[in-house]
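Structure file query07.txt; described as compact mmCIF, C-alpha atoms.
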```
# COMPACT_ATOMS: atom_id res chain seq x y z
CA MET T 1 -8.14 5.73 -5.54
CA PRO T 2 -10.89 7.78 -7.20
CA GLU T 3 -9.98 10.35 -9.81
CA PHE T 4 -9.54 13.92 -8.68
CA ASP T 5 -12.86 15.72 -8.95
CA PRO T 6 -12.40 19.44 -8.37
CA ASP T 7 -16.10 20.13 -8.78
CA TYR T 8 -17.03 17.76 -5.99
CA ASP T 9 -14.77 19.49 -3.51
CA ARG T 10 -15.89 22.91 -4.66
CA ARG T 11 -19.53 21.92 -4.30
CA HIS T 12 -19.15 20.39 -0.86
CA GLY T 13 -16.29 22.23 0.79
CA GLN T 14 -17.60 25.81 0.68
CA PRO T 15 -14.04 27.05 0.12
CA ALA T 16 -14.90 30.75 0.12
CA ASP T 17 -16.25 30.60 3.70
CA PHE T 18 -13.35 28.69 5.13
CA GLN T 19 -10.42 30.10 3.21
CA GLN T 20 -9.07 32.14 6.10
CA VAL T 21 -9.25 29.31 8.61
CA GLU T 22 -7.85 26.88 6.07
CA SER T 23 -4.82 29.07 5.54
CA LEU T 24 -4.32 29.35 9.33
CA VAL T 25 -4.45 25.57 9.69
CA ARG T 26 -2.22 25.09 6.64
CA ALA T 27 0.42 27.37 8.18
CA ALA T 28 0.65 25.12 11.23
CA SER T 29 1.31 22.02 9.16
CA ARG T 30 4.98 21.71 10.09
CA TYR T 31 4.66 22.85 13.69
CA LEU T 32 4.68 19.36 15.13
CA GLN T 33 7.92 17.46 14.51
CA PRO T 34 8.80 13.87 15.41
CA THR T 35 11.20 13.60 18.34
CA ASP T 36 14.83 12.84 17.60
CA ASP T 37 14.54 9.37 19.14
CA LEU T 38 11.85 8.21 16.78
CA ARG T 39 14.03 7.57 13.73
CA PRO T 40 16.62 5.29 15.38
CA ASN T 41 14.01 3.58 17.51
CA ALA T 42 11.61 2.92 14.66
CA LEU T 43 14.29 1.70 12.26
CA GLU T 44 15.86 -0.54 14.90
CA ALA T 45 12.46 -1.99 15.81
CA ALA T 46 11.74 -2.64 12.13
CA ARG T 47 15.10 -4.35 11.59
CA ARG T 48 14.69 -6.41 14.75
CA ALA T 49 11.23 -7.51 13.65
CA CYS T 50 12.64 -8.45 10.27
CA ARG T 51 15.44 -10.49 11.81
CA GLN T 52 13.00 -12.28 14.12
CA GLN T 53 10.72 -13.01 11.22
CA ARG T 54 13.62 -14.41 9.18
CA THR T 55 14.80 -16.56 12.10
CA SER T 56 11.35 -17.90 12.83
CA ARG T 57 10.84 -18.62 9.11
CA ARG T 58 14.11 -20.57 9.03
CA LEU T 59 13.23 -22.45 12.20
CA GLY T 60 9.80 -23.18 10.80
CA GLY T 61 11.37 -24.46 7.60
CA LEU T 62 13.77 -26.68 9.52
CA ALA T 63 10.97 -28.02 11.71
CA PHE T 64 8.88 -28.75 8.63
CA LEU T 65 11.82 -30.50 6.99
CA ALA T 66 12.44 -32.58 10.11
CA LEU T 67 8.77 -33.46 10.25
CA LEU T 68 8.81 -34.41 6.60
CA VAL T 69 11.86 -36.63 7.08
CA ALA T 70 10.31 -38.22 10.15
CA ALA T 71 7.01 -38.77 8.40
CA THR T 72 8.47 -40.26 5.23
CA GLY T 73 11.75 -41.78 6.39
CA PHE T 74 10.99 -43.32 9.77
CA PRO T 75 8.35 -45.85 8.74
CA GLU T 76 10.54 -46.77 5.76
CA VAL T 77 13.49 -47.49 8.10
CA LEU T 78 11.24 -49.35 10.51
CA PHE T 79 9.66 -51.53 7.90
CA SER T 80 12.79 -52.13 5.86
CA SER T 81 14.76 -53.47 8.84
CA ASN T 82 11.98 -55.66 10.20
CA ARG T 83 10.56 -56.74 6.91
CA GLY T 84 11.79 -60.34 7.43
CA LEU T 85 10.30 -60.74 10.88
CA VAL T 86 7.41 -63.10 11.10
CA ALA T 87 5.08 -62.90 14.04
CA LEU T 88 5.01 -65.82 16.42
CA GLN T 89 1.84 -67.45 15.25
CA SER T 90 0.67 -70.90 16.26
CA SER T 91 -0.04 -71.85 12.62
CA GLU T 92 3.60 -71.18 11.68
CA LEU T 93 4.83 -73.17 14.72
CA HIS T 94 2.56 -76.08 13.86
CA ARG T 95 3.65 -76.02 10.21
CA ARG T 96 7.35 -76.19 11.18
CA ALA T 97 6.72 -78.84 13.85
CA ALA T 98 4.75 -80.99 11.39
CA ARG T 99 7.59 -80.76 8.87
CA SER T 100 10.07 -81.87 11.57
CA VAL T 101 7.84 -84.82 12.53
CA VAL T 102 7.58 -85.96 8.90
CA GLU T 103 11.23 -85.40 7.98
CA ASN T 104 13.01 -86.45 11.19
CA GLY T 105 10.42 -88.61 12.89
CA THR T 106 10.52 -86.55 16.09
CA GLU T 107 7.68 -86.48 18.55
CA MET T 108 5.14 -83.72 18.09
CA ASN T 109 5.72 -82.16 21.55
CA TRP T 110 9.46 -82.08 21.03
CA ALA T 111 9.11 -80.81 17.46
CA LEU T 112 6.89 -77.96 18.67
CA TYR T 113 9.46 -76.98 21.26
CA GLU T 114 12.26 -76.98 18.66
CA ALA T 115 10.23 -74.98 16.15
CA TYR T 116 9.46 -72.41 18.82
CA ARG T 117 13.11 -72.18 19.89
CA ASP T 118 14.37 -71.83 16.27
CA LEU T 119 11.85 -69.11 15.45
CA ARG T 120 12.85 -67.10 18.53
CA ARG T 121 16.52 -67.45 17.58
CA GLU T 122 15.82 -66.25 14.01
CA HIS T 123 14.01 -63.20 15.33
CA ALA T 124 16.80 -62.40 17.76
CA THR T 125 19.40 -62.57 15.00
CA ARG T 126 17.42 -60.36 12.63
CA LEU T 127 16.73 -57.77 15.31
CA ARG T 128 20.40 -57.66 16.28
CA HIS T 129 21.34 -56.90 12.65
CA ALA T 130 18.60 -54.30 12.34
CA HIS T 131 19.86 -52.21 15.25
CA MET V 132 31.55 23.21 11.35
CA SER V 133 30.81 20.03 9.44
CA GLN V 134 27.13 20.96 9.32
CA ALA V 135 27.99 24.25 7.67
CA ARG V 136 30.15 22.44 5.13
CA ASP V 137 27.39 19.91 4.44
CA ARG V 138 24.94 22.74 4.00
CA SER V 139 27.12 24.50 1.44
CA ILE V 140 27.64 21.22 -0.43
CA CYS V 141 23.90 20.68 -0.55
CA GLU V 142 23.21 24.19 -1.76
CA GLU V 143 25.86 23.84 -4.42
CA LYS V 144 24.67 20.44 -5.57
CA PHE V 145 20.96 20.99 -5.65
CA SER V 146 20.75 24.77 -6.06
CA VAL V 147 18.25 24.96 -3.24
CA PRO V 148 18.90 27.21 -0.25
CA VAL V 149 19.15 25.31 3.01
CA GLN V 150 17.10 27.01 5.67
CA ASN V 151 17.60 24.64 8.52
CA SER V 152 20.08 21.82 8.88
CA ARG V 153 17.64 19.77 10.96
CA GLN V 154 15.07 19.91 8.22
CA ILE V 155 17.27 18.73 5.38
CA GLU V 156 20.48 16.83 5.78
CA PRO V 157 22.83 15.73 3.02
CA GLU V 158 21.93 12.06 3.48
CA ARG V 159 18.34 12.96 2.80
CA ALA V 160 19.19 15.08 -0.20
CA SER V 161 17.82 12.49 -2.63
CA LEU V 162 14.40 13.23 -1.22
CA TRP V 163 14.92 16.84 -2.10
CA LEU V 164 15.67 16.01 -5.65
CA MET V 165 12.36 14.20 -5.87
CA ASP V 166 10.60 17.26 -4.43
CA GLN V 167 11.33 19.19 -7.55
CA SER V 168 9.34 17.12 -10.00
CA HIS V 169 7.00 14.77 -8.10
CA THR V 170 3.93 15.11 -5.94
CA PHE V 171 4.26 13.76 -2.43
CA ALA V 172 2.28 10.62 -3.23
CA GLU V 173 4.60 9.96 -6.18
CA GLN V 174 7.63 10.41 -3.95
CA VAL V 175 6.23 7.81 -1.58
CA THR V 176 5.65 5.47 -4.51
CA ILE V 177 9.29 5.90 -5.58
CA CYS V 178 10.42 5.21 -2.01
CA VAL V 179 8.33 2.06 -1.90
CA GLU V 180 9.83 0.93 -5.22
CA ARG V 181 13.25 1.34 -3.61
CA LEU V 182 12.03 -0.76 -0.71
CA THR V 183 11.12 -3.49 -3.19
CA GLU V 184 14.64 -3.40 -4.62
CA SER V 185 16.70 -2.95 -1.45
CA GLY V 186 14.49 -4.39 1.28
CA VAL V 187 14.49 -3.09 4.83
CA ALA V 188 17.72 -1.18 4.22
CA ALA V 189 15.71 1.42 2.32
CA LEU V 190 13.23 1.92 5.16
CA GLY V 191 15.14 4.99 6.37
CA GLY V 192 14.23 6.82 3.17
CA LEU V 193 10.56 6.12 3.65
CA PHE V 194 10.80 7.24 7.27
CA ASP V 195 12.53 10.51 6.35
CA LEU V 196 9.94 11.25 3.74
CA THR V 197 6.79 10.41 5.67
CA SER V 198 7.48 10.50 9.41
CA GLN V 199 6.45 14.10 10.07
CA ARG V 200 3.18 13.72 8.18
CA LEU V 201 2.42 10.36 9.73
CA VAL V 202 3.14 11.57 13.26
CA ARG V 203 0.97 14.67 12.93
CA TYR V 204 -1.86 12.60 11.47
CA ALA V 205 -1.56 9.98 14.20
CA ALA V 206 -1.38 12.74 16.82
CA THR V 207 -4.80 14.00 15.76
CA ILE V 208 -6.18 10.53 16.52
CA THR V 209 -4.26 9.66 19.68
CA ARG V 210 -4.19 13.28 20.94
CA ASN V 211 -0.76 12.62 22.29
CA GLN V 212 2.52 12.81 20.39
CA HIS V 213 4.21 9.91 22.22
CA ASP V 214 1.31 7.62 21.36
CA ALA V 215 1.37 8.93 17.80
CA GLU V 216 5.06 8.06 17.53
CA ASP V 217 4.33 4.59 18.91
CA ALA V 218 1.73 4.20 16.18
CA VAL V 219 4.19 5.29 13.49
CA GLN V 220 6.84 2.92 14.86
CA ALA V 221 4.37 0.03 14.91
CA THR V 222 3.41 0.87 11.33
CA LEU V 223 7.04 0.80 10.19
CA VAL V 224 7.51 -2.56 11.88
CA LEU V 225 4.46 -3.85 10.01
CA VAL V 226 5.80 -2.45 6.75
CA ALA V 227 9.14 -4.17 7.35
CA LYS V 228 7.44 -7.46 8.18
CA SER V 229 5.23 -7.47 5.13
CA LEU V 230 7.06 -5.47 2.51
CA ARG V 231 5.23 -7.30 -0.25
CA LYS V 232 1.88 -5.87 0.82
CA ILE V 233 2.90 -2.23 0.61
CA CYS V 234 4.85 -2.88 -2.57
CA GLN V 235 1.75 -4.35 -4.18
CA ALA V 236 -0.48 -1.46 -3.07
CA LYS V 237 -1.57 0.67 -6.03
CA GLN V 238 -1.44 3.83 -3.95
CA PRO V 239 1.20 3.37 -1.22
CA TRP V 240 0.64 6.75 0.47
CA PRO V 241 -3.08 6.30 1.26
CA TYR V 242 -2.25 2.70 2.21
CA LEU V 243 0.38 3.95 4.65
CA LEU V 244 -2.02 6.52 6.08
CA ARG V 245 -4.59 3.80 6.64
CA MET V 246 -2.02 1.62 8.38
CA VAL V 247 -1.04 4.46 10.71
CA ARG V 248 -4.68 5.24 11.35
CA ASN V 249 -5.38 1.65 12.37
CA GLU V 250 -2.41 1.59 14.72
CA ALA V 251 -3.30 4.99 16.17
CA LEU V 252 -6.90 3.90 16.77
CA LEU V 253 -5.68 0.73 18.49
CA ILE V 254 -3.41 2.73 20.79
CA ALA V 255 -6.05 5.37 21.44
CA ARG V 256 -8.60 2.70 22.39
CA ARG V 257 -6.09 0.91 24.61
CA LYS V 258 -4.90 3.96 26.49
CA GLN V 259 -7.98 6.18 26.48
CA ARG V 260 -6.15 9.16 27.84
CA TRP V 261 -8.27 11.79 29.48
CA THR V 262 -6.41 14.91 28.52
CA LEU V 263 -7.62 18.44 28.30
CA SER V 264 -8.27 19.26 24.69
CA GLY V 265 -6.23 22.44 24.85
CA ASN V 266 -3.19 20.90 26.54
CA LEU V 267 -0.29 20.74 24.12
CA ALA V 268 2.46 19.89 26.62
CA ASP V 269 3.21 16.60 24.83
CA LEU V 270 4.00 18.22 21.49
CA SER V 271 7.54 18.31 20.22
CA THR V 272 7.48 21.36 18.02
CA HIS V 273 9.65 23.12 15.53
CA ARG V 274 9.44 26.50 13.90
CA LEU V 275 11.74 28.58 11.78
CA VAL V 276 13.18 31.81 13.13
CA ASP V 277 10.81 33.93 11.06
CA GLU V 278 7.86 31.94 12.39
CA VAL V 279 8.38 32.78 16.07
CA GLU V 280 5.58 35.33 16.06
CA MET V 281 3.29 32.71 14.54
CA GLU V 282 3.85 30.32 17.44
CA GLU V 283 0.70 31.38 19.27
CA THR V 284 -1.33 30.88 16.12
CA PHE V 285 0.14 27.42 15.57
CA ARG V 286 -0.63 26.44 19.12
CA ALA V 287 -4.14 27.80 18.84
CA VAL V 288 -4.64 25.75 15.67
CA TRP V 289 -3.41 22.57 17.34
CA SER V 290 -5.49 23.31 20.41
CA ALA V 291 -8.56 23.87 18.27
CA LEU V 292 -7.90 20.65 16.33
CA ARG V 293 -7.71 18.73 19.59
CA GLY V 294 -11.01 20.25 20.59
CA LEU V 295 -12.68 18.62 17.59
CA PRO V 296 -14.03 15.08 17.63
CA THR V 297 -11.39 12.74 16.20
CA GLU V 298 -13.41 11.84 13.11
CA GLN V 299 -13.68 15.52 12.19
CA ALA V 300 -10.09 16.41 13.07
CA GLU V 301 -8.66 13.68 10.86
CA VAL V 302 -10.71 14.86 7.89
CA VAL V 303 -9.34 18.37 8.36
CA VAL V 304 -5.79 17.05 8.58
CA LEU V 305 -6.13 14.94 5.46
CA LYS V 306 -7.89 17.69 3.54
CA ILE V 307 -5.69 20.64 4.44
CA TRP V 308 -2.31 19.17 5.35
CA GLU V 309 -2.32 16.23 3.00
CA THR V 310 -4.21 18.17 0.30
CA MET V 311 -6.40 15.18 -0.47
CA THR V 312 -9.76 15.36 -2.18
CA PHE V 313 -12.91 14.24 -0.38
CA ALA V 314 -12.97 11.16 -2.58
CA GLN V 315 -9.40 10.28 -1.63
CA ILE V 316 -10.11 10.89 2.06
CA ALA V 317 -13.22 8.73 1.76
CA GLU V 318 -11.00 5.96 0.42
CA VAL V 319 -8.60 6.21 3.37
CA LEU V 320 -11.34 6.40 5.98
CA GLU V 321 -13.59 3.90 4.19
CA LEU V 322 -16.53 6.30 4.20
CA SER V 323 -18.65 7.94 1.54
CA PRO V 324 -17.39 11.26 0.12
CA ASP V 325 -20.61 12.90 1.30
CA THR V 326 -19.95 11.88 4.91
CA VAL V 327 -16.38 13.15 4.64
CA ALA V 328 -17.54 16.45 3.16
CA SER V 329 -20.13 16.96 5.87
CA ARG V 330 -17.61 16.18 8.61
CA TYR V 331 -15.28 18.68 7.03
CA ARG V 332 -17.94 21.37 6.99
CA TYR V 333 -18.85 20.77 10.63
CA ALA V 334 -15.19 20.82 11.60
CA MET V 335 -14.49 24.01 9.70
CA LYS V 336 -17.45 25.75 11.28
CA LYS V 337 -16.14 24.89 14.72
CA LEU V 338 -12.61 25.90 13.78
CA THR V 339 -13.88 29.18 12.38
CA GLN V 340 -15.52 29.93 15.70
CA LYS V 341 -12.39 29.03 17.65
CA LEU V 342 -9.84 30.66 15.37
CA ASP V 343 -11.76 33.73 14.31
CA PRO V 344 -9.16 36.52 14.23
CA ALA V 345 -11.84 39.11 14.92
CA LYS V 346 -12.59 37.52 18.29
CA GLY V 347 -8.98 36.76 19.00
CA LEU V 348 -7.41 33.29 19.15
CA GLU V 349 -8.25 31.05 22.05
CA PRO V 350 -5.05 30.57 24.01
CA ALA V 351 -3.67 27.03 24.20
CA GLU V 352 -2.92 25.46 27.56
CA GLY V 353 0.50 24.24 28.62
CA LYS V 354 3.75 26.10 28.40
CA VAL V 355 5.29 26.89 25.05
CA PRO V 356 8.14 24.48 24.38
CA HIS V 357 11.34 25.66 22.80
CA ALA V 358 12.40 23.87 19.65
```
Write-out of the structure in structure tokens:
Amino acid sequence: MPEFDPDYDRRHGQPADFQQVESLVRAASRYLQPTDDLRPNALEAARRACRQQRTSRRLGGLAFLALLVAATGFPEVLFSSNRGLVALQSSELHRRAARSVVENGTEMNWALYEAYRDLRREHATRLRHAH
Amino acid sequence: MSQARDRSICEEKFSVPVQNSRQIEPERASLWLMDQSHTFAEQVTICVERLTESGVAALGGLFDLTSQRLVRYAATITRNQHDAEDAVQATLVLVAKSLRKICQAKQPWPYLLRMVRNEALLIARRKQRWTLSGNLADLSTHRLVDEVEMEETFRAVWSALRGLPTEQAEVVVLKIWETMTFAQIAEVLELSPDTVASRYRYAMKKLTQKLDPAKGLEPAEGKVPHA
């Protein structure tokens, strides 16, 4: 706010010419009064707005927290429980089948079937424990 | 009965004669105490400091101190008291919602005036009432017993103010009723002091023509309400 400059107002306001009208206007300064309803209405509206703002802030905070938990926690849970699962890949099946052929002397077709069956069973067991 | 007792308590406590119980009530007596030693702008600053300490609970004090001035200023923009009160209410809601802003303002009173002005302009643009400039039927008025004979003058003043363009009327209100300098008004209205001063001069010339006692006051339209 600029400093009070009496000279500026004196120079520009022409006080001598308007003094009479100014005093008339000044006298009417308290003529208009707020209605009796304004105080309770305005204060209630202000309090209500404050309450709403607080509630929405809290809800916003909770939502953010939930989002944060979901964003950080969910993948962790997902990956930690399924960390041991190995995808059903043909290379893995062939590796297991080959080992069975060498160690047990089983036929390749039969060894492939057994490797496939065992892998499925392992996955089923791990998933059951995870959930 | 209780009002009379309250009045005597107030007079005793603050050594100030109580003229009208509606004007000053015991619960608002702290504002009185401030009256004695502070300018109005300083009183508003103190009220805002209380708001910082107590939060929305202290909003009543700010309302009691500023409502009449804010409503009359807003009424010069909206040209309707109900709209002016809506503007003041909306301003208080804004203050309550963002207490930090008003608490950080260097000059809370001009800041508050600017807030009310913005709200009043919004309402005025939205409603665009086409009222006769002299019609004062919407005004809720108050005058002391010894001011009854001045009622016509007051109404003529209000009628004349409503006859002015808004940008001139608000300068007159801020200059005469809020006793602000042109520089301070320029700050509130975001104009140059020269523009404010010239608007004031134009407005005063028009008011002089309308309120010239030699010619007789122009009568205001609408019936005179009883306070």
Show me, as number ranges by chain, the residues that have an atom within 12 Å of T:Leu43 when counting only C-alpha atoms, minus same-chain residues fewer than 5 positions from it. T: 37-38, 48-50; V: 187-195, 198, 219-227
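Picture a line from atom CA of V:Ser290 to atom CA of V:Met246; it runs 25.0 Å.
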One decimal, Å: what's the distance from atom CA of V:Arg332 over to atom CA of V:Val319, could you say?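 Value for the atom CA of V:Arg332-atom CA of V:Val319 distance: 18.2 Å.
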Neighbour list for T:Val101 as a ChimeraX atom specification, cut-off 12 Å, only C-alpha atoms, skip fewer than 5 positions in-chain: /T:94-96,106-115
Those residues with C-alpha atoms, as a compact mmCIF listing (two decimals), in the frame of the given file please?
```txt
# COMPACT_ATOMS: atom_id res chain seq x y z
CA HIS T 94 2.56 -76.08 13.86
CA ARG T 95 3.65 -76.02 10.21
CA ARG T 96 7.35 -76.19 11.18
CA THR T 106 10.52 -86.55 16.09
CA GLU T 107 7.68 -86.48 18.55
CA MET T 108 5.14 -83.72 18.09
CA ASN T 109 5.72 -82.16 21.55
CA TRP T 110 9.46 -82.08 21.03
CA ALA T 111 9.11 -80.81 17.46
CA LEU T 112 6.89 -77.96 18.67
CA TYR T 113 9.46 -76.98 21.26
CA GLU T 114 12.26 -76.98 18.66
CA ALA T 115 10.23 -74.98 16.15
```
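Shortest separation to chain V among T:Ala71, T:Gln19, T:Arg57, T:Ala46 occurs at residue T:Ala46, atoms counted being only C-alpha atoms.
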Would you compute the distance between atom CA of V:Ala291 and atom CA of V:Lys337? Give it in Å to one decimal. 8.4 Å
Show me, as an NGL selection string, the residues that have an atom within 10 Å of stretch 199-203 of chain V when counting all atoms listed in the file, minus same-chain residues fewer than 6 positions from it. (:T and (29-35 or 38)) or (:V and (209-220 or 222 or 243-244 or 246-248 or 251 or 270 or 301 or 304-305 or 308-309))
If you keep C-alpha atoms, can you produce a file of those selected residues as a PDB file, in the frame of the given file?
```pdb
ATOM      1  CA  SER T  29       1.310  22.020   9.160  1.00  0.00           C
ATOM      2  CA  ARG T  30       4.980  21.710  10.090  1.00  0.00           C
ATOM      3  CA  TYR T  31       4.660  22.850  13.690  1.00  0.00           C
ATOM      4  CA  LEU T  32       4.680  19.360  15.130  1.00  0.00           C
ATOM      5  CA  GLN T  33       7.920  17.460  14.510  1.00  0.00           C
ATOM      6  CA  PRO T  34       8.800  13.870  15.410  1.00  0.00           C
ATOM      7  CA  THR T  35      11.200  13.600  18.340  1.00  0.00           C
ATOM      8  CA  LEU T  38      11.850   8.210  16.780  1.00  0.00           C
TER       9      LEU T  38
ATOM     10  CA  THR V 209      -4.260   9.660  19.680  1.00  0.00           C
ATOM     11  CA  ARG V 210      -4.190  13.280  20.940  1.00  0.00           C
ATOM     12  CA  ASN V 211      -0.760  12.620  22.290  1.00  0.00           C
ATOM     13  CA  GLN V 212       2.520  12.810  20.390  1.00  0.00           C
ATOM     14  CA  HIS V 213       4.210   9.910  22.220  1.00  0.00           C
ATOM     15  CA  ASP V 214       1.310   7.620  21.360  1.00  0.00           C
ATOM     16  CA  ALA V 215       1.370   8.930  17.800  1.00  0.00           C
ATOM     17  CA  GLU V 216       5.060   8.060  17.530  1.00  0.00           C
ATOM     18  CA  ASP V 217       4.330   4.590  18.910  1.00  0.00           C
ATOM     19  CA  ALA V 218       1.730   4.200  16.180  1.00  0.00           C
ATOM     20  CA  VAL V 219       4.190   5.290  13.490  1.00  0.00           C
ATOM     21  CA  GLN V 220       6.840   2.920  14.860  1.00  0.00           C
ATOM     22  CA  THR V 222       3.410   0.870  11.330  1.00  0.00           C
ATOM     23  CA  LEU V 243       0.380   3.950   4.650  1.00  0.00           C
ATOM     24  CA  LEU V 244      -2.020   6.520   6.080  1.00  0.00           C
ATOM     25  CA  MET V 246      -2.020   1.620   8.380  1.00  0.00           C
ATOM     26  CA  VAL V 247      -1.040   4.460  10.710  1.00  0.00           C
ATOM     27  CA  ARG V 248      -4.680   5.240  11.350  1.00  0.00           C
ATOM     28  CA  ALA V 251      -3.300   4.990  16.170  1.00  0.00           C
ATOM     29  CA  LEU V 270       4.000  18.220  21.490  1.00  0.00           C
ATOM     30  CA  GLU V 301      -8.660  13.680  10.860  1.00  0.00           C
ATOM     31  CA  VAL V 304      -5.790  17.050   8.580  1.00  0.00           C
ATOM     32  CA  LEU V 305      -6.130  14.940   5.460  1.00  0.00           C
ATOM     33  CA  TRP V 308      -2.310  19.170   5.350  1.00  0.00           C
ATOM     34  CA  GLU V 309      -2.320  16.230   3.000  1.00  0.00           C
TER      35      GLU V 309
END
```
Point out the residue among V:Ser329, V:Gln174, V:Gln299, V:Thr272 with the least atom-to-atom distance to chain T, counting only C-alpha atoms. V:Thr272
I'd like the neighbourhood of V:Thr326 as number ranges by chain, where a residue qualifies if any of its atoms comes within 12 Å (using all atoms listed in the file), though same-chain residues fewer than 6 positions away should be ignored. T: 12-13; V: 298-299, 302, 313-314, 316-318, 320, 332-333
Could you turn the residues from that selection into a file that holds C-alpha atoms, as an mmCIF file, in the coordinates of the input?
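This went into result.cif:
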```
data_model
loop_
_atom_site.group_PDB
_atom_site.id
_atom_site.type_symbol
_atom_site.label_atom_id
_atom_site.label_comp_id
_atom_site.auth_asym_id
_atom_site.auth_seq_id
_atom_site.Cartn_x
_atom_site.Cartn_y
_atom_site.Cartn_z
ATOM 1 C CA HIS T 12 -19.150 20.390 -0.860
ATOM 2 C CA GLY T 13 -16.290 22.230 0.790
ATOM 3 C CA GLU V 298 -13.410 11.840 13.110
ATOM 4 C CA GLN V 299 -13.680 15.520 12.190
ATOM 5 C CA VAL V 302 -10.710 14.860 7.890
ATOM 6 C CA PHE V 313 -12.910 14.240 -0.380
ATOM 7 C CA ALA V 314 -12.970 11.160 -2.580
ATOM 8 C CA ILE V 316 -10.110 10.890 2.060
ATOM 9 C CA ALA V 317 -13.220 8.730 1.760
ATOM 10 C CA GLU V 318 -11.000 5.960 0.420
ATOM 11 C CA LEU V 320 -11.340 6.400 5.980
ATOM 12 C CA ARG V 332 -17.940 21.370 6.990
ATOM 13 C CA TYR V 333 -18.850 20.770 10.630
#
```
Would you fill the gaps in stretch 300-305 of chain V so it has all heavy atoms, then print it as a PDB file, keeping the file's coordinate frame?
```pdb
ATOM      1  N   ALA V 300     -11.478  15.897  13.103  1.00  0.00           N
ATOM      2  CA  ALA V 300     -10.090  16.410  13.070  1.00  0.00           C
ATOM      3  C   ALA V 300      -9.283  15.712  11.979  1.00  0.00           C
ATOM      4  O   ALA V 300      -8.518  16.346  11.253  1.00  0.00           O
ATOM      5  CB  ALA V 300      -9.444  16.214  14.426  1.00  0.00           C
ATOM      6  N   GLU V 301      -9.482  14.388  11.840  1.00  0.00           N
ATOM      7  CA  GLU V 301      -8.660  13.680  10.860  1.00  0.00           C
ATOM      8  C   GLU V 301      -9.037  14.058   9.427  1.00  0.00           C
ATOM      9  O   GLU V 301      -8.189  14.087   8.543  1.00  0.00           O
ATOM     10  CB  GLU V 301      -8.695  12.163  11.070  1.00  0.00           C
ATOM     11  CG  GLU V 301     -10.025  11.506  10.927  1.00  0.00           C
ATOM     12  CD  GLU V 301      -9.949   9.993  11.137  1.00  0.00           C
ATOM     13  OE1 GLU V 301      -8.857   9.424  11.035  1.00  0.00           O
ATOM     14  OE2 GLU V 301     -11.002   9.398  11.400  1.00  0.00           O
ATOM     15  N   VAL V 302     -10.301  14.396   9.229  1.00  0.00           N
ATOM     16  CA  VAL V 302     -10.710  14.860   7.890  1.00  0.00           C
ATOM     17  C   VAL V 302     -10.035  16.192   7.580  1.00  0.00           C
ATOM     18  O   VAL V 302      -9.523  16.403   6.473  1.00  0.00           O
ATOM     19  CB  VAL V 302     -12.248  14.986   7.807  1.00  0.00           C
ATOM     20  CG1 VAL V 302     -12.649  15.685   6.516  1.00  0.00           C
ATOM     21  CG2 VAL V 302     -12.905  13.625   7.874  1.00  0.00           C
ATOM     22  N   VAL V 303      -9.987  17.065   8.569  1.00  0.00           N
ATOM     23  CA  VAL V 303      -9.340  18.370   8.360  1.00  0.00           C
ATOM     24  C   VAL V 303      -7.861  18.180   8.040  1.00  0.00           C
ATOM     25  O   VAL V 303      -7.328  18.797   7.108  1.00  0.00           O
ATOM     26  CB  VAL V 303      -9.510  19.256   9.626  1.00  0.00           C
ATOM     27  CG1 VAL V 303      -8.675  20.518   9.518  1.00  0.00           C
ATOM     28  CG2 VAL V 303     -10.966  19.612   9.831  1.00  0.00           C
ATOM     29  N   VAL V 304      -7.217  17.291   8.792  1.00  0.00           N
ATOM     30  CA  VAL V 304      -5.790  17.050   8.580  1.00  0.00           C
ATOM     31  C   VAL V 304      -5.537  16.504   7.177  1.00  0.00           C
ATOM     32  O   VAL V 304      -4.645  16.969   6.465  1.00  0.00           O
ATOM     33  CB  VAL V 304      -5.243  16.081   9.660  1.00  0.00           C
ATOM     34  CG1 VAL V 304      -3.876  15.565   9.283  1.00  0.00           C
ATOM     35  CG2 VAL V 304      -5.184  16.787  11.001  1.00  0.00           C
ATOM     36  N   LEU V 305      -6.340  15.543   6.779  1.00  0.00           N
ATOM     37  CA  LEU V 305      -6.130  14.940   5.460  1.00  0.00           C
ATOM     38  C   LEU V 305      -6.461  15.931   4.342  1.00  0.00           C
ATOM     39  O   LEU V 305      -5.807  15.956   3.313  1.00  0.00           O
ATOM     40  CB  LEU V 305      -6.988  13.675   5.307  1.00  0.00           C
ATOM     41  CG  LEU V 305      -6.581  12.501   6.212  1.00  0.00           C
ATOM     42  CD1 LEU V 305      -7.547  11.339   6.050  1.00  0.00           C
ATOM     43  CD2 LEU V 305      -5.162  12.034   5.918  1.00  0.00           C
TER      44      LEU V 305
END
```
